[in-house]
Amino acid sequence: MTESTNTGALPPFAESVLDLTERIPAGRVMTYGDVAEYLGQGGPRQVGRVMALYGGAVPWWRVIRADGRPLPGHEHRALGHYREEGTPLRSVGDEPRVDLRRARWDGQ
DNA sequence: ATAATGACGTCGG
DNA sequence: TCCGACGCCATTA
């Protein structure tokens, strides 16, 4: 059989990424690089790929870039969650960004 | 097999 | 702080 038939079965890596994302506590975030490093496999881009494909089923706003900037186009959506969860924000000019120094979660 | 792409990261200017 | 260039790694053309 081909990979077109294996519906419902996600790659181990994708499953790990999604599982870890769901484990991130409210008010905390992890960067793509941190997720890859924590899992010990793949890389930031591979984590990004997984989130792009299956991120809709998990709290995707808790996984952000290393510069603390949420997804372009989804900023408003993400900010709403941050405000609701009390995620440490840092106002840079007119655009609020996540304060990674305080919000970064190391898996504790 | 080579080139281009992407929800990225780090460094230098 | 902002911008560009290079590196990384799997997928796609």
# chains A, B, ... in the order shown; residues from 1 in each chain; ligands from 1

$ interface_residues --of "chain C" --to "chain A" --cutoff "8 Å" --atoms "only C-alpha atoms (C1' of nucleotides)" --output "ChimeraX atom specification"
/C:8-10

$ write_last_selection --atoms "C-alpha atoms (C1' of nucleotides)" --output "PDB file, in the first residue's frame"
ATOM      1  C1'  DC C   8      19.995  23.696   8.376  1.00  0.00           C
ATOM      2  C1'  DC C   9      16.799  19.779   7.041  1.00  0.00           C
ATOM      3  C1'  DA C  10      12.890  17.431   4.802  1.00  0.00           C
TER       4       DA C  10
END

$ interface_residues --of "chain B" --to "chain A" --cutoff "12 Å" --atoms "only C-alpha atoms (C1' of nucleotides)" --output "list of chain:residue names"
B:DT5, B:DG6, B:DA7, B:DC8, B:DG9, B:DT10

$ select_by_dssp --residues "chain A" --states "strand (DSSP E or B)" --output "ChimeraX atom specification"
/A:29-31,63-64,89-92,95-98,104

$ residues_around --residues "Thr87 in chain A" --least-positions-apart "2" --cutoff "9 Å" --atoms "only C-alpha atoms (C1' of nucleotides)" --output "list in words"
Ala26, Gly27, Arg28, Val29, His81, Tyr82, Arg83, Glu84, Glu85, Leu89, Val98, Asp99, Arg102 and Ala103 of chain A

$ residues_around --residues "Gln108 in chain A" --least-positions-apart "3" --cutoff "12 Å" --atoms "only C-alpha atoms (C1' of nucleotides)" --output "number ranges by chain"
A: 20, 23-25, 28, 30, 38, 104-105

$ select_by_dssp --residues "range 3-105 of chain A" --states "alpha helix (DSSP H)" --output "PyMOL selection string"
chain A and resi 12-23+32-39+44-54+75-85+100-103
